[in-house]
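A.B. asks: Dropping in protein.cif, with mmCIF, C-alpha atoms and all ligand atoms.
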data_target
loop_
_atom_site.label_atom_id
_atom_site.label_comp_id
_atom_site.auth_asym_id
_atom_site.auth_seq_id
_atom_site.Cartn_x
_atom_site.Cartn_y
_atom_site.Cartn_z
CA MET A 255 127.76 149.86 92.65
CA PRO A 256 126.19 152.12 95.26
CA GLY A 257 122.74 150.56 94.91
CA PHE A 258 123.92 146.93 95.08
CA LEU A 259 123.99 146.48 98.86
CA PRO A 260 120.55 147.96 99.62
CA GLU A 261 119.09 145.90 96.76
CA LEU A 262 120.63 142.71 98.17
CA ILE A 263 119.28 143.48 101.65
CA LYS A 264 115.83 144.13 100.17
CA LYS A 265 115.85 140.84 98.22
CA SER A 266 117.08 138.92 101.28
CA ARG A 267 114.25 140.39 103.30
CA PHE A 268 111.69 139.25 100.71
CA LEU A 269 113.23 135.78 100.75
CA LEU A 270 113.07 135.67 104.55
CA ASP A 271 109.45 136.87 104.47
CA ASP A 272 108.57 134.07 102.01
CA LEU A 273 110.39 131.50 104.13
CA PHE A 274 108.63 132.71 107.29
CA ALA A 275 105.23 132.58 105.53
CA PHE A 276 105.97 129.03 104.35
CA ILE A 277 107.04 127.87 107.83
CA SER A 278 104.21 129.57 109.72
CA SER A 279 101.33 128.74 107.35
CA PRO A 280 99.17 125.90 108.64
CA LEU A 281 99.55 122.46 107.13
CA CYS A 282 96.83 120.00 106.22
CA SER A 283 96.45 117.42 108.99
CA GLY A 284 95.84 114.73 106.36
CA CYS A 285 98.60 115.19 103.77
CA GLY A 286 100.89 117.90 105.17
CA ARG A 287 100.40 120.29 102.23
CA ASN A 288 100.22 124.01 102.94
CA LEU A 289 96.66 125.11 103.53
CA GLU A 290 95.22 127.98 101.55
CA TYR A 291 92.44 128.51 104.07
CA ASN A 292 93.53 128.23 107.65
CA HIS A 293 90.04 127.98 109.09
CA LEU A 294 89.87 124.28 108.15
CA PRO A 295 92.32 121.63 109.36
CA LEU A 296 92.18 119.65 106.09
CA CYS A 297 92.86 120.64 102.49
CA ASP A 298 90.07 120.31 99.93
CA ILE A 299 91.58 117.11 98.50
CA CYS A 300 91.68 115.32 101.87
CA ARG A 301 88.28 116.62 102.89
CA LEU A 302 86.62 115.54 99.63
CA ARG A 303 88.30 112.15 99.89
CA LEU A 304 86.69 111.63 103.30
CA VAL A 305 83.32 112.83 102.00
CA ASN A 306 83.46 110.60 98.90
CA ASP A 307 84.87 107.49 100.54
CA PHE A 308 82.80 107.26 103.70
CA HIS A 309 79.04 107.01 103.75
CA GLY A 310 78.57 105.38 107.15
CA GLU A 311 77.83 101.82 108.15
CA GLY A 312 75.37 100.14 110.42
CA PRO A 313 73.68 98.60 112.06
CA VAL A 314 76.12 95.70 112.01
CA CYS A 315 77.11 93.27 114.75
CA LEU A 316 79.89 94.75 116.92
CA ILE A 317 81.96 91.57 116.69
CA CYS A 318 81.21 89.70 113.44
CA HIS A 319 80.05 92.74 111.42
CA ALA A 320 77.04 90.86 110.04
CA PRO A 321 74.21 93.19 109.03
CA GLN A 322 71.75 93.20 111.89
CA ALA A 323 68.95 92.27 109.54
CA ILE A 324 70.63 88.85 109.69
CA ALA A 325 70.55 87.32 113.14
CA CYS A 326 74.19 86.36 113.64
CA GLY A 327 73.64 84.82 117.06
CA CYS A 328 76.63 86.53 118.71
CA LEU A 329 76.24 86.89 122.47
CA ILE A 330 78.29 88.34 125.33
CA ASP A 331 79.18 85.62 127.83
CA ASN A 332 76.43 83.46 126.25
CA ARG A 333 73.97 85.71 128.11
CA TYR A 334 73.58 89.21 126.72
CA PRO A 335 72.85 90.29 123.14
CA MET A 336 75.84 91.59 121.20
CA PRO A 337 75.31 95.31 120.47
CA SER A 338 74.61 96.65 117.03
CA MET A 339 77.20 99.12 115.86
CA PHE A 340 77.07 102.21 113.67
CA TYR A 341 80.24 103.85 112.42
CA TRP A 342 81.25 106.59 110.06
CA CYS A 343 84.32 105.26 108.30
CA ASP A 344 86.87 102.52 107.85
CA TYR A 345 90.02 102.81 109.94
CA THR A 346 92.38 103.65 107.07
CA GLU A 347 95.93 104.92 107.58
CA THR A 348 94.75 108.49 106.88
CA VAL A 349 91.90 108.22 109.38
CA LYS A 350 94.26 106.65 111.89
CA SER A 351 96.68 109.58 111.68
CA LEU A 352 93.80 112.10 111.89
CA ILE A 353 92.25 110.47 114.95
CA HIS A 354 95.68 110.17 116.57
CA GLY A 355 96.20 113.90 115.98
CA PHE A 356 92.91 114.54 117.78
CA LYS A 357 93.43 112.08 120.58
CA PHE A 358 97.13 112.03 121.37
CA GLN A 359 98.24 115.47 120.20
CA GLY A 360 95.18 117.22 121.61
CA ASP A 361 94.08 118.74 118.31
CA ILE A 362 90.52 119.50 119.41
CA ARG A 363 89.87 121.62 116.33
CA LEU A 364 90.67 118.66 114.09
CA GLY A 365 88.60 116.35 116.31
CA SER A 366 85.63 118.66 116.18
CA PHE A 367 85.93 118.86 112.38
CA LEU A 368 85.99 115.04 112.07
CA ILE A 369 83.04 114.60 114.43
CA ASP A 370 81.01 117.14 112.41
CA MET A 371 81.86 115.29 109.18
CA ALA A 372 80.84 111.99 110.76
CA LEU A 373 77.57 113.27 112.14
CA ASN A 374 76.64 114.93 108.85
CA VAL A 375 76.57 111.40 107.48
CA MET A 376 75.25 109.53 110.52
CA SER A 377 72.77 111.84 112.25
CA GLU A 378 69.68 110.54 110.44
CA ARG A 379 70.48 106.91 111.32
CA LEU A 380 71.36 107.77 114.90
CA SER A 381 68.13 109.71 115.39
CA LYS A 382 66.16 106.53 114.59
CA ILE A 383 67.71 104.27 117.23
CA ALA A 384 66.29 103.68 120.69
CA CYS A 385 68.33 105.86 123.02
CA GLU A 386 67.48 107.14 126.48
CA LYS A 387 71.07 107.85 127.48
CA ILE A 388 74.33 108.48 125.66
CA VAL A 389 77.33 107.03 127.46
CA PRO A 390 80.91 107.65 126.31
CA ILE A 391 83.55 104.98 126.92
CA PRO A 392 85.26 106.46 129.99
CA LEU A 393 88.91 107.07 130.70
CA ARG A 394 90.22 106.77 134.23
CA PRO A 395 89.98 110.23 135.92
CA LYS A 396 93.78 110.36 136.14
CA ASP A 397 94.15 109.63 132.40
CA LYS A 398 91.47 112.18 131.51
CA ARG A 399 93.25 114.85 133.58
CA HIS A 400 96.53 113.97 131.89
CA ARG A 401 95.06 114.17 128.36
CA GLY A 402 92.90 117.16 129.24
CA PHE A 403 89.80 115.66 127.65
CA ASN A 404 88.12 112.41 126.75
CA GLN A 405 87.63 112.17 122.99
CA SER A 406 84.53 110.00 123.45
CA ASP A 407 82.92 112.69 125.66
CA LEU A 408 83.30 115.19 122.83
CA ILE A 409 81.73 112.81 120.30
CA ALA A 410 78.88 112.01 122.73
CA GLU A 411 78.18 115.70 123.36
CA LYS A 412 77.75 116.40 119.66
CA ILE A 413 75.50 113.36 119.19
CA GLY A 414 73.43 114.47 122.18
CA SER A 415 72.83 117.88 120.65
CA ILE A 416 71.65 116.24 117.42
CA ILE A 417 69.41 113.43 118.68
CA ASN A 418 68.29 115.32 121.77
CA ALA A 419 69.20 112.64 124.30
CA PRO A 420 70.98 113.20 127.63
CA ILE A 421 74.65 112.32 128.08
CA ASP A 422 75.65 110.56 131.26
CA LEU A 423 79.38 110.96 131.99
CA ASN A 424 79.11 109.30 135.39
CA LEU A 425 77.22 106.15 134.57
CA LEU A 426 80.13 104.00 133.47
CA HIS A 427 83.50 104.03 135.25
CA LYS A 428 86.86 102.69 134.23
CA ILE A 429 88.16 101.11 137.39
CA LYS A 430 91.47 99.60 136.30
CA PRO A 431 94.38 100.88 134.23
CA THR A 432 94.90 99.33 130.83
CA ARG A 433 97.75 99.21 128.36
CA LEU A 434 97.29 101.02 125.05
CA GLN A 435 95.12 98.68 122.95
CA ALA A 436 96.83 99.67 119.68
CA ASN A 437 100.07 97.97 120.75
CA LEU A 438 98.48 94.63 121.63
CA SER A 439 97.52 91.47 119.77
CA ALA A 440 93.82 90.58 119.49
CA LYS A 441 94.03 88.11 122.37
CA GLU A 442 95.93 90.57 124.57
CA ARG A 443 93.30 93.23 123.87
CA TRP A 444 90.54 91.01 125.26
CA LEU A 445 92.54 90.30 128.42
CA ASN A 446 93.60 93.93 128.75
CA VAL A 447 90.02 95.22 129.07
CA LYS A 448 88.51 92.37 131.06
CA ASP A 449 86.50 93.68 134.04
CA VAL A 450 87.79 97.25 133.62
CA PHE A 451 84.33 98.87 133.53
CA ALA A 452 81.80 99.19 136.32
CA VAL A 453 78.40 100.80 136.88
CA GLU A 454 77.94 102.41 140.28
CA ASP A 455 74.32 103.51 140.11
CA ILE A 456 72.44 100.47 138.84
CA ASP A 457 69.08 102.26 139.11
CA SER A 458 70.16 104.73 136.43
CA VAL A 459 70.83 101.89 133.98
CA ARG A 460 68.06 99.38 134.65
CA GLY A 461 65.63 99.09 131.73
CA LYS A 462 67.37 101.81 129.70
CA SER A 463 68.34 101.84 126.03
CA ILE A 464 71.87 103.17 125.85
CA LEU A 465 74.04 104.50 123.04
CA LEU A 466 77.65 103.71 123.89
CA VAL A 467 80.15 106.01 122.17
CA ASP A 468 83.75 105.20 121.29
CA ASP A 469 86.25 106.81 118.93
CA ILE A 470 87.67 103.67 117.26
CA VAL A 471 86.51 100.06 117.25
CA THR A 472 89.11 97.51 116.20
CA THR A 473 88.52 94.06 117.70
CA GLY A 474 85.46 95.38 119.56
CA ALA A 475 86.95 94.26 122.88
CA THR A 476 86.55 97.58 124.70
CA SER A 477 82.98 98.25 123.57
CA ARG A 478 82.00 94.65 124.24
CA GLU A 479 83.36 94.81 127.78
CA ALA A 480 81.63 98.15 128.46
CA SER A 481 78.39 96.69 127.07
CA ARG A 482 78.78 93.70 129.37
CA ALA A 483 78.99 96.04 132.38
CA LEU A 484 75.86 97.88 131.22
CA TYR A 485 73.88 94.70 130.52
CA SER A 486 74.88 93.13 133.83
CA ALA A 487 73.60 96.31 135.54
CA GLY A 488 70.23 95.76 133.83
CA ALA A 489 70.41 97.81 130.60
CA LEU A 490 67.63 96.90 128.17
CA LYS A 491 69.58 97.53 124.98
CA VAL A 492 73.06 98.77 124.11
CA THR A 493 73.99 100.19 120.71
CA VAL A 494 77.52 101.32 119.82
CA PHE A 495 78.62 104.31 117.77
CA ALA A 496 82.24 104.81 116.71
CA LEU A 497 83.90 107.30 114.40
CA ALA A 498 85.98 104.58 112.74
CA CYS A 499 86.05 100.81 112.65
CA ALA A 500 88.78 98.42 111.55
CA ASP A 501 87.52 95.49 109.51
CA ILE A 502 88.49 92.51 111.65
CA ARG A 503 87.86 90.16 108.74
CA LYS A 504 90.65 91.91 106.79
CA GLN A 505 92.88 91.81 109.89
CA ALA A 506 92.26 88.09 110.28
CA GLY A 507 93.14 87.56 106.62
ZN ZN A 601 95.42 117.31 102.64
ZN ZN A 602 77.68 88.78 115.27
#
What is this structure when it is put down as structure tokens?
C.D. replies:
Amino acid sequence: MPGFLPELIKKSRFLLDDLFAFISSPLCSGCGRNLEYNHLPLCDICRLRLVNDFHGEGPVCLICHAPQAIACGCLIDNRYPMPSMFYWCDYTETVKSLIHGFKFQGDIRLGSFLIDMALNVMSERLSKIACEKIVPIPLRPKDKRHRGFNQSDLIAEKIGSIINAPIDLNLLHKIKPTRLQANLSAKERWLNVKDVFAVEDIDSVRGKSILLVDDIVTTGATSREASRALYSAGALKVTVFALACADIRKQAG
């Protein structure tokens, strides 16, 4: 059997090549299947599911989710109007894992892909709202350095390029550390973010209509608290945009 050994080596090499190709080929960030085209982070099935399932929402009340055509009467501290909110999609388990990949694993390519998908749906609505400044929900400088980026900055930058409004990264500051909201109960979330935001330059806020940008809205506690800081500094109107929103009515049920 003089040809047996070389044949075996050849077959083993093919097997190893196949195994290496399987291991090294990129996986879909949504379902983990191997991707045929590695220029997109999601497979066609996951991408089409996002396109088909999510058509955008808003304006709705940030807290009670009532359509803003209906005056719900929600106020911040019984003083300031509750912001209207626009968002791209519901905070499903798939969306949660995608946004976590973007935010906590630093997958900027995936984040950029999701933001583009969201703005394809939302850009027309966003271009109609009053907006003189776009303000991302800030991280503390230390946290931003640690993560390497602020996901809300990236969303705000893309919105700014579409609706042609300036982004102000220095208008709102996070002045206290907070625990991760995802691990807290609804009541703990409200306490966790209380008084964590501040406006230094009141003149740059007074009388302005502001679009406040966040990645995820769950109870609305963070966006509400940031809006309170903006309104108390004299903002005329605050509107919120988020990539995803959890339905608090379903959570309550
Ligand atoms: Zn997939
Ligand atoms: Zn309301």
A.B. asks: Could you please determine the separation between CA of Ser377 in chain A and CA of Leu426 in chain A in Å, to one decimal place?
C.D. replies: 23.8 Å
A.B. asks: What is the CA of Ala500 in chain A-CA of Gly402 in chain A distance in Å, reported with one decimal?
C.D. replies: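 Atom-to-atom, CA of Ala500 in chain A to CA of Gly402 in chain A, that is 26.1 Å.
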A.B. asks: Please produce, as a tab-separated table, a per-residue contact table for chain A versus ligand ZN 602 (chain A) (criterion: any atom at most 7 Å away, all atoms listed in the file considered), showing the nearest atom pair and its distance in Å to one decimal, sorted by chain then residue number.
C.D. replies:
residue	atom	partner	partner_atom	distance
A:Cys315	CA	A:ZN602	ZN	4.6
A:Leu316	CA	A:ZN602	ZN	6.6
A:Ile317	CA	A:ZN602	ZN	5.3
A:Cys318	CA	A:ZN602	ZN	4.1
A:His319	CA	A:ZN602	ZN	6.0
A:Ala320	CA	A:ZN602	ZN	5.7
A:Cys326	CA	A:ZN602	ZN	4.5
A:Gly327	CA	A:ZN602	ZN	5.9
A:Cys328	CA	A:ZN602	ZN	4.2
A:Met336	CA	A:ZN602	ZN	6.8
A.B. asks: Report the closest atom pair, with its distance in Å rounded to one decimal, for each residue of chain A that has an atom no farther than 9 Å from ligand ZN 601 (chain A); count only C-alpha atoms and all ligand atoms, sort by chain and then rising residue number, and write it as JSON lines.
C.D. replies:
{"residue": "A:Leu281", "atom": "CA", "partner": "A:ZN601", "partner_atom": "ZN", "distance": 8.0}
{"residue": "A:Cys282", "atom": "CA", "partner": "A:ZN601", "partner_atom": "ZN", "distance": 4.7}
{"residue": "A:Ser283", "atom": "CA", "partner": "A:ZN601", "partner_atom": "ZN", "distance": 6.4}
{"residue": "A:Gly284", "atom": "CA", "partner": "A:ZN601", "partner_atom": "ZN", "distance": 4.5}
{"residue": "A:Cys285", "atom": "CA", "partner": "A:ZN601", "partner_atom": "ZN", "distance": 4.0}
{"residue": "A:Gly286", "atom": "CA", "partner": "A:ZN601", "partner_atom": "ZN", "distance": 6.1}
{"residue": "A:Arg287", "atom": "CA", "partner": "A:ZN601", "partner_atom": "ZN", "distance": 5.8}
{"residue": "A:Asn288", "atom": "CA", "partner": "A:ZN601", "partner_atom": "ZN", "distance": 8.2}
{"residue": "A:Leu289", "atom": "CA", "partner": "A:ZN601", "partner_atom": "ZN", "distance": 7.9}
{"residue": "A:Pro295", "atom": "CA", "partner": "A:ZN601", "partner_atom": "ZN", "distance": 8.6}
{"residue": "A:Leu296", "atom": "CA", "partner": "A:ZN601", "partner_atom": "ZN", "distance": 5.3}
{"residue": "A:Cys297", "atom": "CA", "partner": "A:ZN601", "partner_atom": "ZN", "distance": 4.2}
{"residue": "A:Asp298", "atom": "CA", "partner": "A:ZN601", "partner_atom": "ZN", "distance": 6.7}
{"residue": "A:Ile299", "atom": "CA", "partner": "A:ZN601", "partner_atom": "ZN", "distance": 5.7}
{"residue": "A:Cys300", "atom": "CA", "partner": "A:ZN601", "partner_atom": "ZN", "distance": 4.3}
{"residue": "A:Arg301", "atom": "CA", "partner": "A:ZN601", "partner_atom": "ZN", "distance": 7.2}
A.B. asks: Any idea what's packed within 12 Å of Ile417 in chain A, counting only C-alpha atoms, ignoring anything in its chain fewer than 5 positions away? Could you give it as a compact mmCIF listing (two decimals) with C-alpha atoms, keeping the file's coordinate frame?
C.D. replies:
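Listing of result_18.txt after writing:
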# COMPACT_ATOMS: atom_id res chain seq x y z
CA LEU A 373 77.57 113.27 112.14
CA MET A 376 75.25 109.53 110.52
CA SER A 377 72.77 111.84 112.25
CA GLU A 378 69.68 110.54 110.44
CA ARG A 379 70.48 106.91 111.32
CA LEU A 380 71.36 107.77 114.90
CA SER A 381 68.13 109.71 115.39
CA LYS A 382 66.16 106.53 114.59
CA ILE A 383 67.71 104.27 117.23
CA ALA A 384 66.29 103.68 120.69
CA CYS A 385 68.33 105.86 123.02
CA GLU A 386 67.48 107.14 126.48
CA LYS A 387 71.07 107.85 127.48
CA ILE A 388 74.33 108.48 125.66
CA ALA A 410 78.88 112.01 122.73
CA GLU A 411 78.18 115.70 123.36
CA LYS A 412 77.75 116.40 119.66
CA LEU A 465 74.04 104.50 123.04
A.B. asks: What does the distance from CA of Thr472 in chain A to CA of Asp501 in chain A come to in Å, to one decimal?
C.D. replies: 7.2 Å
A.B. asks: Using only C-alpha atoms, which protein or nucleic acid residues come within 6 Å of range 482-486 of chain A? Drop anything in the same chain fewer than 3 positions from it, and give the result as JSON, numbers by chain.
C.D. replies: {"A": [452, 479, 489]}
A.B. asks: Identify which of the residues A:Ser351, A:Asn446, A:Gln359, A:Ser338 lies closest to Arg401 in chain A, counting only C-alpha atoms when measuring atom-to-atom distances.
C.D. replies: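 Checking each candidate against Arg401 in chain A, we get A:Gln359 as the closest.
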A.B. asks: A:Ala498, A:Leu393, A:Val375, A:Val305: which is nearest Ile413 in chain A, counting all atoms listed in the file?
C.D. replies: A:Val375
A.B. asks: Which one is closest to Pro280 in chain A: A:Ile421, A:Val459, A:Leu294, A:Ile416? Count all atoms listed in the file.
C.D. replies: A:Leu294
A.B. asks: May I ask which of the residues A:Arg478, A:Arg363, A:Lys448, A:Lys491 is the closest one to Ile330 in chain A, counting only C-alpha atoms?
C.D. replies: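 Smallest separation from Ile330 in chain A among the options: A:Arg478.
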A.B. asks: For Phe356 in chain A, list every protein, DNA or RNA residue within 10 Å, evaluated using all atoms listed in the file, and leave out those in the same chain fewer than 5 positions away; present the list as number ranges by chain.
C.D. replies: A: 283, 350-351, 361-368, 405
A.B. asks: Generate a file of the selected residues that holds C-alpha atoms, formatted as a PDB file, keeping the file's coordinate frame.
C.D. replies:
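That gives us part_19.pdb:
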ATOM      1  CA  SER A 283      96.450 117.420 108.990  1.00  0.00           C
ATOM      2  CA  LYS A 350      94.260 106.650 111.890  1.00  0.00           C
ATOM      3  CA  SER A 351      96.680 109.580 111.680  1.00  0.00           C
ATOM      4  CA  ASP A 361      94.080 118.740 118.310  1.00  0.00           C
ATOM      5  CA  ILE A 362      90.520 119.500 119.410  1.00  0.00           C
ATOM      6  CA  ARG A 363      89.870 121.620 116.330  1.00  0.00           C
ATOM      7  CA  LEU A 364      90.670 118.660 114.090  1.00  0.00           C
ATOM      8  CA  GLY A 365      88.600 116.350 116.310  1.00  0.00           C
ATOM      9  CA  SER A 366      85.630 118.660 116.180  1.00  0.00           C
ATOM     10  CA  PHE A 367      85.930 118.860 112.380  1.00  0.00           C
ATOM     11  CA  LEU A 368      85.990 115.040 112.070  1.00  0.00           C
ATOM     12  CA  GLN A 405      87.630 112.170 122.990  1.00  0.00           C
TER      13      GLN A 405
END
